[in-house]
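Student: Please find run.cif (mmCIF, C-alpha atoms) on the next line:
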data_protein
loop_
_atom_site.label_atom_id
_atom_site.label_comp_id
_atom_site.auth_asym_id
_atom_site.auth_seq_id
_atom_site.Cartn_x
_atom_site.Cartn_y
_atom_site.Cartn_z
CA MET A 29 -24.30 -7.97 -11.98
CA GLU A 30 -22.30 -11.06 -12.81
CA GLN A 31 -18.58 -11.59 -13.19
CA ILE A 32 -17.45 -11.59 -16.82
CA ASN A 33 -14.61 -14.07 -16.53
CA ASP A 34 -13.53 -16.24 -13.59
CA ASN A 35 -9.84 -16.34 -14.57
CA ILE A 36 -9.09 -12.65 -15.03
CA MET A 37 -9.85 -10.36 -12.11
CA VAL A 38 -8.67 -7.07 -13.68
CA SER A 39 -8.46 -5.99 -17.30
CA ILE A 40 -6.01 -3.10 -17.71
CA PHE A 41 -7.43 -0.82 -20.39
CA CYS A 42 -5.04 1.55 -22.17
CA ILE A 43 -5.48 3.68 -25.28
CA THR A 44 -2.53 5.30 -26.99
CA TYR A 45 -1.59 7.34 -30.03
CA ASN A 46 1.91 8.66 -30.71
CA HIS A 47 3.06 8.22 -27.12
CA SER A 48 6.51 6.84 -27.93
CA LYS A 49 8.15 8.95 -25.22
CA PHE A 50 5.69 7.78 -22.57
CA ILE A 51 4.21 4.38 -23.36
CA GLY A 52 7.10 2.43 -21.86
CA LYS A 53 6.56 4.00 -18.45
CA ALA A 54 2.81 3.28 -18.63
CA LEU A 55 3.50 -0.38 -19.44
CA ASP A 56 6.10 -0.65 -16.66
CA GLY A 57 3.46 0.61 -14.23
CA PHE A 58 1.05 -2.10 -15.36
CA LEU A 59 3.64 -4.85 -15.21
CA MET A 60 4.96 -3.92 -11.74
CA GLN A 61 1.58 -4.54 -10.07
CA LYS A 62 1.78 -7.00 -7.19
CA CYS A 63 -1.57 -8.71 -6.71
CA ASN A 64 -3.05 -12.07 -5.73
CA PHE A 65 -5.15 -12.33 -8.89
CA ASN A 66 -4.75 -12.53 -12.66
CA THR A 67 -4.70 -9.49 -14.91
CA GLU A 68 -4.72 -8.83 -18.63
CA ILE A 69 -3.27 -5.76 -20.37
CA ILE A 70 -5.12 -4.54 -23.48
CA ILE A 71 -3.57 -1.71 -25.50
CA GLY A 72 -5.55 0.12 -28.17
CA ASP A 73 -2.88 1.61 -30.44
CA ASP A 74 -4.58 3.95 -32.91
CA CYS A 75 -2.09 3.51 -35.77
CA SER A 76 0.72 5.47 -34.14
CA THR A 77 3.38 6.82 -36.49
CA ASP A 78 6.14 7.76 -34.04
CA GLY A 79 7.44 4.35 -32.95
CA THR A 80 4.84 3.69 -30.24
CA THR A 81 3.69 0.54 -32.02
CA GLU A 82 7.19 -0.90 -32.14
CA ILE A 83 7.74 -0.19 -28.43
CA ILE A 84 4.51 -1.99 -27.53
CA ASP A 85 5.42 -4.94 -29.74
CA GLY A 86 8.77 -5.14 -27.94
CA TYR A 87 6.96 -5.45 -24.61
CA VAL A 88 4.57 -8.03 -26.08
CA ALA A 89 7.57 -10.13 -27.13
CA ARG A 90 9.28 -9.78 -23.72
CA TYR A 91 6.14 -10.59 -21.74
CA PRO A 92 4.32 -13.29 -23.74
CA GLY A 93 0.71 -13.77 -22.76
CA ARG A 94 0.61 -10.61 -20.62
CA ILE A 95 -0.11 -7.87 -23.18
CA LYS A 96 -2.53 -7.73 -26.09
CA ARG A 97 -2.18 -4.95 -28.66
CA LEU A 98 -5.30 -4.24 -30.68
CA LYS A 99 -4.58 -3.29 -34.29
CA ALA A 100 -6.62 -1.10 -36.62
CA PRO A 101 -6.39 -0.76 -40.42
CA LYS A 102 -6.53 3.03 -40.09
CA ASN A 103 -6.65 5.78 -37.47
CA ILE A 104 -10.10 5.57 -35.84
CA GLY A 105 -9.95 8.37 -33.26
CA ALA A 106 -9.91 8.39 -29.48
CA THR A 107 -13.57 7.50 -28.84
CA GLN A 108 -13.67 4.54 -31.22
CA ASN A 109 -10.40 3.40 -29.70
CA VAL A 110 -11.95 3.52 -26.22
CA ILE A 111 -14.97 1.52 -27.40
CA ARG A 112 -13.02 -1.31 -28.99
CA VAL A 113 -10.74 -1.74 -25.96
CA ALA A 114 -13.63 -1.57 -23.47
CA LEU A 115 -15.59 -4.26 -25.32
CA GLU A 116 -12.51 -6.50 -25.43
CA THR A 117 -12.08 -6.63 -21.64
CA LYS A 118 -12.82 -9.91 -19.84
CA GLY A 119 -12.05 -9.17 -16.19
CA LYS A 120 -14.43 -8.75 -13.28
CA TYR A 121 -12.97 -5.25 -12.97
CA VAL A 122 -11.44 -2.80 -15.44
CA ALA A 123 -8.56 -0.44 -14.65
CA THR A 124 -7.98 2.48 -17.03
CA CYS A 125 -4.87 4.47 -17.89
CA ASP A 126 -3.94 6.42 -21.02
CA GLY A 127 -0.60 5.76 -22.68
CA ASP A 128 0.92 9.08 -21.62
CA ASP A 129 0.13 8.65 -17.89
CA PHE A 130 1.46 6.07 -15.45
CA TRP A 131 0.95 4.32 -12.10
CA THR A 132 3.38 4.78 -9.23
CA ASP A 133 2.24 2.27 -6.59
CA PRO A 134 2.85 -1.46 -7.18
CA TYR A 135 -0.10 -2.31 -4.89
CA LYS A 136 -2.56 0.08 -6.57
CA LEU A 137 -4.75 -2.60 -8.17
CA GLN A 138 -4.71 -4.81 -5.08
CA LYS A 139 -5.90 -1.92 -2.89
CA GLN A 140 -8.68 -0.92 -5.26
CA VAL A 141 -9.93 -4.46 -5.86
CA ASP A 142 -9.85 -5.21 -2.13
CA PHE A 143 -12.00 -2.14 -1.53
CA LEU A 144 -14.55 -3.00 -4.22
CA GLU A 145 -14.74 -6.63 -3.12
CA ALA A 146 -15.51 -5.50 0.44
CA ASN A 147 -17.90 -2.68 -0.52
CA PRO A 148 -20.55 -3.75 -3.03
CA GLN A 149 -22.37 -0.39 -2.71
CA TYR A 150 -19.63 1.21 -4.81
CA VAL A 151 -19.32 0.71 -8.57
CA MET A 152 -15.95 2.41 -8.99
CA CYS A 153 -12.83 3.05 -6.94
CA CYS A 154 -10.41 5.89 -7.73
CA HIS A 155 -7.52 7.54 -5.88
CA TYR A 156 -5.50 10.73 -5.80
CA THR A 157 -3.01 11.58 -8.53
CA LYS A 158 -0.34 14.15 -9.16
CA GLU A 159 -0.01 16.26 -12.29
CA ILE A 160 3.40 16.64 -13.87
CA ASN A 161 4.83 18.31 -16.95
CA TYR A 162 6.10 16.72 -20.16
CA ASP A 163 9.47 15.45 -18.89
CA GLU A 164 8.57 15.01 -15.20
CA THR A 165 10.71 17.97 -14.10
CA GLU A 166 7.82 20.01 -12.66
CA LEU A 167 5.08 19.12 -10.22
CA ILE A 168 1.99 21.02 -11.38
CA TYR A 169 -0.47 19.75 -8.78
CA MET A 170 -0.68 17.34 -5.88
CA ASP A 171 -2.87 17.24 -2.80
CA PHE A 172 -0.55 16.63 0.13
CA ASN A 173 -3.42 16.00 2.54
CA PRO A 174 -5.68 13.48 0.78
CA VAL A 175 -8.94 12.47 2.42
CA PRO A 176 -11.54 9.88 1.37
CA LEU A 177 -14.10 11.17 -1.13
CA THR A 178 -17.40 9.77 -2.41
CA TYR A 179 -19.46 10.80 -5.42
CA SER A 180 -23.00 9.97 -6.45
CA PHE A 181 -24.64 10.45 -9.84
CA SER A 182 -26.05 13.78 -8.60
CA ASP A 183 -22.57 14.94 -7.58
CA LEU A 184 -21.15 14.10 -11.00
CA LEU A 185 -23.93 16.05 -12.73
CA MET A 186 -22.57 19.14 -10.98
CA ASN A 187 -19.07 18.26 -12.24
CA LYS A 188 -17.92 17.19 -8.78
CA GLN A 189 -15.27 14.68 -9.75
CA LEU A 190 -11.97 15.69 -8.15
CA GLU A 191 -9.30 12.97 -8.09
CA THR A 192 -11.13 10.66 -10.50
CA CYS A 193 -9.01 11.08 -13.65
CA THR A 194 -8.62 8.18 -16.09
CA ALA A 195 -5.38 6.84 -14.59
CA THR A 196 -7.10 6.31 -11.22
CA ILE A 197 -10.23 4.41 -12.25
CA VAL A 198 -11.12 0.79 -11.46
CA TYR A 199 -14.76 -0.11 -12.18
CA ARG A 200 -16.98 -3.16 -12.08
CA ASN A 201 -17.07 -4.74 -15.54
CA VAL A 202 -20.80 -5.51 -15.57
CA GLU A 203 -23.22 -5.60 -18.48
CA GLU A 204 -25.05 -2.48 -17.29
CA ILE A 205 -21.85 -0.49 -17.83
CA LYS A 206 -20.78 -2.23 -21.03
CA GLU A 207 -24.02 -0.97 -22.57
CA LEU A 208 -22.47 2.52 -22.47
CA TYR A 209 -20.09 1.61 -25.28
CA LYS A 210 -22.90 0.29 -27.50
CA ASN A 211 -24.84 3.58 -27.65
CA ASP A 212 -24.58 5.66 -30.82
CA TRP A 213 -24.51 8.89 -28.79
CA PHE A 214 -21.29 7.81 -27.10
CA LEU A 215 -19.47 8.40 -30.40
CA LYS A 216 -20.27 12.11 -30.04
CA CYS A 217 -18.79 12.40 -26.53
CA ASN A 218 -15.57 14.30 -25.94
CA ALA A 219 -14.83 13.44 -22.29
CA CYS A 220 -15.25 9.65 -22.39
CA ASP A 221 -14.10 9.19 -18.79
CA LYS A 222 -16.72 11.64 -17.54
CA PHE A 223 -19.49 9.69 -19.29
CA LEU A 224 -18.10 6.43 -17.89
CA LYS A 225 -18.45 7.82 -14.36
CA LEU A 226 -21.91 9.28 -14.98
CA TYR A 227 -23.24 6.19 -16.73
CA SER A 228 -21.79 3.79 -14.15
CA THR A 229 -23.43 5.56 -11.21
CA TRP A 230 -26.70 6.15 -13.08
CA ALA A 231 -27.09 2.62 -14.45
CA THR A 232 -26.22 0.83 -11.20
CA GLY A 233 -27.39 3.32 -8.55
CA LYS A 234 -24.01 2.90 -6.84
CA LYS A 235 -21.33 5.44 -5.90
CA ILE A 236 -17.67 6.19 -6.57
CA TYR A 237 -15.10 6.02 -3.76
CA VAL A 238 -11.73 7.80 -3.83
CA LEU A 239 -8.95 6.23 -1.76
CA PRO A 240 -6.85 8.87 0.07
CA GLU A 241 -3.57 7.83 -1.55
CA VAL A 242 -1.55 9.23 -4.47
CA MET A 243 -0.90 6.30 -6.81
CA SER A 244 -0.55 7.71 -10.35
CA CYS A 245 0.76 10.57 -12.46
CA TYR A 246 -1.22 12.60 -14.99
CA ARG A 247 1.05 14.17 -17.58
CA ARG A 248 0.31 17.59 -19.12
CA HIS A 249 1.86 17.97 -22.58
CA SER A 250 1.10 19.37 -26.02
CA GLY A 251 0.29 15.94 -27.43
CA GLY A 252 -2.43 15.25 -24.86
CA ILE A 253 -6.12 15.27 -25.75
CA TRP A 254 -7.05 18.25 -23.57
CA SER A 255 -3.85 20.14 -22.77
CA PRO A 256 -3.42 21.99 -26.11
CA VAL A 257 -7.10 22.92 -26.62
CA ALA A 258 -7.77 26.69 -26.53
CA TYR A 259 -10.44 28.12 -24.21
CA VAL A 260 -13.28 28.69 -26.69
CA PRO A 261 -13.01 25.31 -28.51
CA LEU A 262 -12.66 23.59 -25.14
CA LYS A 263 -15.76 25.30 -23.79
CA LYS A 264 -17.70 24.29 -26.90
CA MET A 265 -16.61 20.68 -26.44
CA GLN A 266 -17.72 20.78 -22.80
CA LEU A 267 -21.02 22.34 -23.83
CA SER A 268 -21.58 19.65 -26.45
CA ASP A 269 -21.08 17.02 -23.75
CA PHE A 270 -23.49 18.90 -21.48
CA TYR A 271 -26.18 18.78 -24.17
CA ILE A 272 -25.72 15.01 -24.44
CA ILE A 273 -25.97 14.67 -20.65
CA THR A 274 -29.29 16.54 -20.61
CA LYS A 275 -30.76 14.17 -23.20
CA ILE A 276 -29.62 10.66 -22.26
CA PHE A 277 -30.19 10.40 -18.52
CA THR A 278 -33.35 10.47 -16.45
CA TYR A 279 -33.57 12.89 -13.53
CA THR A 280 -35.52 13.66 -10.41
CA THR A 281 -37.06 17.13 -10.17
CA PHE A 282 -34.32 18.16 -7.74
CA GLN A 283 -31.61 16.96 -10.14
CA LYS A 284 -33.21 18.96 -12.96
CA VAL A 285 -33.10 22.11 -10.85
CA LYS A 286 -29.45 21.52 -9.98
CA LEU A 287 -28.59 20.88 -13.62
CA LEU A 288 -30.30 24.10 -14.70
CA TYR A 289 -28.38 26.01 -12.05
CA PHE A 290 -25.13 24.46 -13.27
CA TYR A 291 -25.94 25.43 -16.86
CA PHE A 292 -26.64 29.08 -16.02
CA LYS A 293 -23.56 29.29 -13.84
CA LYS A 294 -21.11 27.67 -16.27
CA TYR A 295 -22.43 28.00 -19.83
CA PHE A 296 -25.26 30.50 -20.31
CA LEU A 297 -23.16 33.70 -20.61
CA PHE A 298 -20.67 31.89 -22.84
CA GLU A 299 -23.47 30.90 -25.23
CA VAL A 300 -24.88 34.43 -25.27
CA LYS A 301 -21.46 35.89 -26.04
CA HIS A 302 -20.65 33.39 -28.77
CA LYS A 303 -24.19 33.19 -30.17
CA THR A 304 -24.43 29.44 -29.72
CA LEU A 305 -27.53 29.36 -27.52
CA GLY A 306 -29.07 25.97 -28.19
CA ASN A 307 -31.74 23.70 -26.79
CA ALA A 308 -30.01 22.54 -23.62
CA LEU A 309 -33.00 23.47 -21.49
CA THR A 310 -35.66 21.64 -23.53
CA PRO A 311 -35.08 18.12 -22.13
CA LEU A 312 -35.14 19.49 -18.59
CA LYS A 313 -38.54 21.15 -18.74
CA PRO A 314 -41.14 19.60 -16.37
#
Would you write out, as structure tokens, the structure that this file holds?
Tutor:
Amino acid sequence: MEQINDNIMVSIFCITYNHSKFIGKALDGFLMQKCNFNTEIIIGDDCSTDGTTEIIDGYVARYPGRIKRLKAPKNIGATQNVIRVALETKGKYVATCDGDDFWTDPYKLQKQVDFLEANPQYVMCCHYTKEINYDETELIYMDFNPVPLTYSFSDLLMNKQLETCTATIVYRNVEEIKELYKNDWFLKCNACDKFLKLYSTWATGKKIYVLPEVMSCYRRHSGGIWSPVAYVPLKKMQLSDFYIITKIFTYTTFQKVKLLYFYFKKYFLFEVKHKTLGNALTPLKP
């Protein structure tokens, strides 16, 4: 697990599409970070049509050498956008944040990097976040009594991933994890951040740690990837991801049992009702 680049400690990884009302606040959160190491900001703009591109270019001009905007000849979709930004990163660590969310603590990156530097048994460091509405006038969710949390690969299989949303993640930028973005099956994934967490813990055998501090905001709005999706399509997307999970990872017998239990608890009745019963169980048979 070697460092990718000695000069850049953290690559800030942001994807955006038509976030003109929000992207400025995301960029301000990146630029306000106070740390004793070098960072790079890489923005994957997926051919926005609402002025997002022009806002980013304005920041690029005002902060020369700090921000890199990746261009695309046409709209490539969220997953392809994630892949191209991830493979462009050069830092020892990668911090993720979508263009409609933002960071609130200027020492966020310093705290997370300090933790990972001191604790090599962890592959990723997250923290608590608060959920807000479109124009920041309503607090939807926030844990006012945060406590440290840890997650293993087995925990993530059971969908235990509280307080690990995209805007909170800093992970080790090692080749084992970069391989994730080179797999053809990754193009079929819906929840890219979930697969990043699963793959990181599975490939390295390390855990995820959640700092007990609120340091970002997750914004719920109609233009988000998940917020506007209706129940049945959302469930089908989650089920599709579950099928991929059953096929690509290797499991202990105990993990197989837990995964089967999770399937029956969360998806089996839905599949019966909607006549979509597939072959999710096949890869898990002894």
Student: With distances taken over only C-alpha atoms, which residue among A:Thr81, A:Gln140, A:Ser244, A:Thr194 lies nearest Lys225 in chain A?
Tutor: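 Using only C-alpha atoms, the shortest distance to Lys225 in chain A belongs to A:Thr194.
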Student: Kindly indicate which residue among A:Cys125, A:Ile236, A:Cys217, A:Val151 lies nearest to Leu190 in chain A, using all atoms listed in the file for the distances.
Tutor: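 Nearest candidate to Leu190 in chain A out of A:Cys125, A:Ile236, A:Cys217, A:Val151: A:Ile236.
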Student: Can you work out the spacing between CA of Glu82 in chain A and CA of Val38 in chain A in Å, to one decimal?
Tutor: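 CA of Val38 in chain A lies at a distance of 25.1 Å from CA of Glu82 in chain A.
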Student: Can you translate the PyMOL selection byres ((chain A and resi 198) around 8) into the concrete residues it hits in this file, as number ranges by chain?
Tutor: A: 121-124, 137, 140-141, 152-154, 196-197, 199-200
Student: Hey, what's within 8 Å of range 160-162 of chain A if we count all atoms listed in the file and toss same-chain stuff fewer than 6 positions away? As a CSV table (one decimal) with C-alpha atoms, in the frame of the given file, please?
Tutor:
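Dumped everything to result_39.csv:
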chain,number,residue,atom,x,y,z
A,168,ILE,CA,2.0,21.0,-11.4
A,169,TYR,CA,-0.5,19.8,-8.8
A,245,CYS,CA,0.8,10.6,-12.5
A,246,TYR,CA,-1.2,12.6,-15.0
A,247,ARG,CA,1.0,14.2,-17.6
A,248,ARG,CA,0.3,17.6,-19.1
A,249,HIS,CA,1.9,18.0,-22.6
Student: What is the distance between CA of His302 in chain A and CA of Asn218 in chain A, in Å to one decimal?
Tutor: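 Those two atoms sit 20.0 Å apart.
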Student: Considering all atoms listed in the file, can you say which of A:Asp129, A:Trp230, A:Tyr87, A:Asn109 comes closest to Thr280 in chain A?
Tutor: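 Closest candidate: A:Trp230.
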Student: What separation in Å, quoted to one decimal, exists between CA of Gly93 in chain A and CA of Asp128 in chain A?
Tutor: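 Separating CA of Gly93 in chain A from CA of Asp128 in chain A is a distance of 22.9 Å.
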Student: Applied to this file, what does the PyMOL selection byres ((chain A and resi 103) around 7) return in terms of residues, put as an mmCIF file with C-alpha atoms, keeping the file's coordinate frame?
Tutor:
data_model
loop_
_atom_site.group_PDB
_atom_site.id
_atom_site.type_symbol
_atom_site.label_atom_id
_atom_site.label_comp_id
_atom_site.auth_asym_id
_atom_site.auth_seq_id
_atom_site.Cartn_x
_atom_site.Cartn_y
_atom_site.Cartn_z
ATOM 1 C CA ASP A 74 -4.580 3.950 -32.910
ATOM 2 C CA CYS A 75 -2.090 3.510 -35.770
ATOM 3 C CA ALA A 100 -6.620 -1.100 -36.620
ATOM 4 C CA LYS A 102 -6.530 3.030 -40.090
ATOM 5 C CA ILE A 104 -10.100 5.570 -35.840
ATOM 6 C CA GLY A 105 -9.950 8.370 -33.260
#
Student: Which residue out of A:Lys263, A:Asn35, A:Asp269, A:Ile205 has the minimum interatomic distance to Glu299 in chain A when all atoms listed in the file are used?
Tutor: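 Closest candidate: A:Lys263.
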Student: Which residues come within 10 Å of Ala114 in chain A, counting only C-alpha atoms, excluding same-chain residues fewer than 4 positions away, as a VMD selection string?
Tutor: chain A and resid 39 to 43 70 72 108 to 110 118 122 124 201 206 208 to 209
Student: Show which residues sit within 12 Å of Met265 in chain A, as a PyMOL selection string. Count all atoms listed in the file, and ignore same-chain residues fewer than 3 positions away.
Tutor: chain A and resi 216-220+253-254+257-262+268-272+295
Student: For Leu215 in chain A, which residue among A:Arg112, A:Lys284, A:Lys120, A:Lys136 is the nearest when counting all atoms listed in the file?
Tutor: A:Arg112
Student: Hey, what's within 12 Å of Gln149 in chain A if we count only C-alpha atoms and toss same-chain stuff fewer than 3 positions away? As number ranges by chain, please?
Tutor: A: 143-146, 152-153, 178-180, 200, 229, 232-237
Student: I'd like the neighbourhood of Val88 in chain A as a list in words, where a residue qualifies if any of its atoms comes within 10 Å (using all atoms listed in the file), though same-chain residues fewer than 6 positions away should be ignored.
Tutor: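 The filter keeps Ile69, Glu82, Arg94, Ile95, Lys96 and Arg97 of chain A.
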Student: Since we have the selection now, will you write its residues out, keeping C-alpha atoms, as a compact mmCIF listing (two decimals), keeping the file's coordinate frame?
Tutor:
# COMPACT_ATOMS: atom_id res chain seq x y z
CA ILE A 69 -3.27 -5.76 -20.37
CA GLU A 82 7.19 -0.90 -32.14
CA ARG A 94 0.61 -10.61 -20.62
CA ILE A 95 -0.11 -7.87 -23.18
CA LYS A 96 -2.53 -7.73 -26.09
CA ARG A 97 -2.18 -4.95 -28.66
Student: Could you write out as a JSON list (two decimals) with C-alpha atoms, in the frame of the given file the residues that the PyMOL selection byres ((chain A and resi 173-175) around 10) matches in the shown file?
Tutor:
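And here's result-v2.json as it stands now:
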[["chain", "number", "residue", "atom", "x", "y", "z"],
["A", 155, "HIS", "CA", -7.52, 7.54, -5.88],
["A", 156, "TYR", "CA", -5.50, 10.73, -5.80],
["A", 157, "THR", "CA", -3.01, 11.58, -8.53],
["A", 170, "MET", "CA", -0.68, 17.34, -5.88],
["A", 171, "ASP", "CA", -2.87, 17.24, -2.80],
["A", 172, "PHE", "CA", -0.55, 16.63, 0.13],
["A", 176, "PRO", "CA", -11.54, 9.88, 1.37],
["A", 177, "LEU", "CA", -14.10, 11.17, -1.13],
["A", 191, "GLU", "CA", -9.30, 12.97, -8.09],
["A", 238, "VAL", "CA", -11.73, 7.80, -3.83],
["A", 239, "LEU", "CA", -8.95, 6.23, -1.76],
["A", 240, "PRO", "CA", -6.85, 8.87, 0.07],
["A", 241, "GLU", "CA", -3.57, 7.83, -1.55],
["A", 242, "VAL", "CA", -1.55, 9.23, -4.47]]
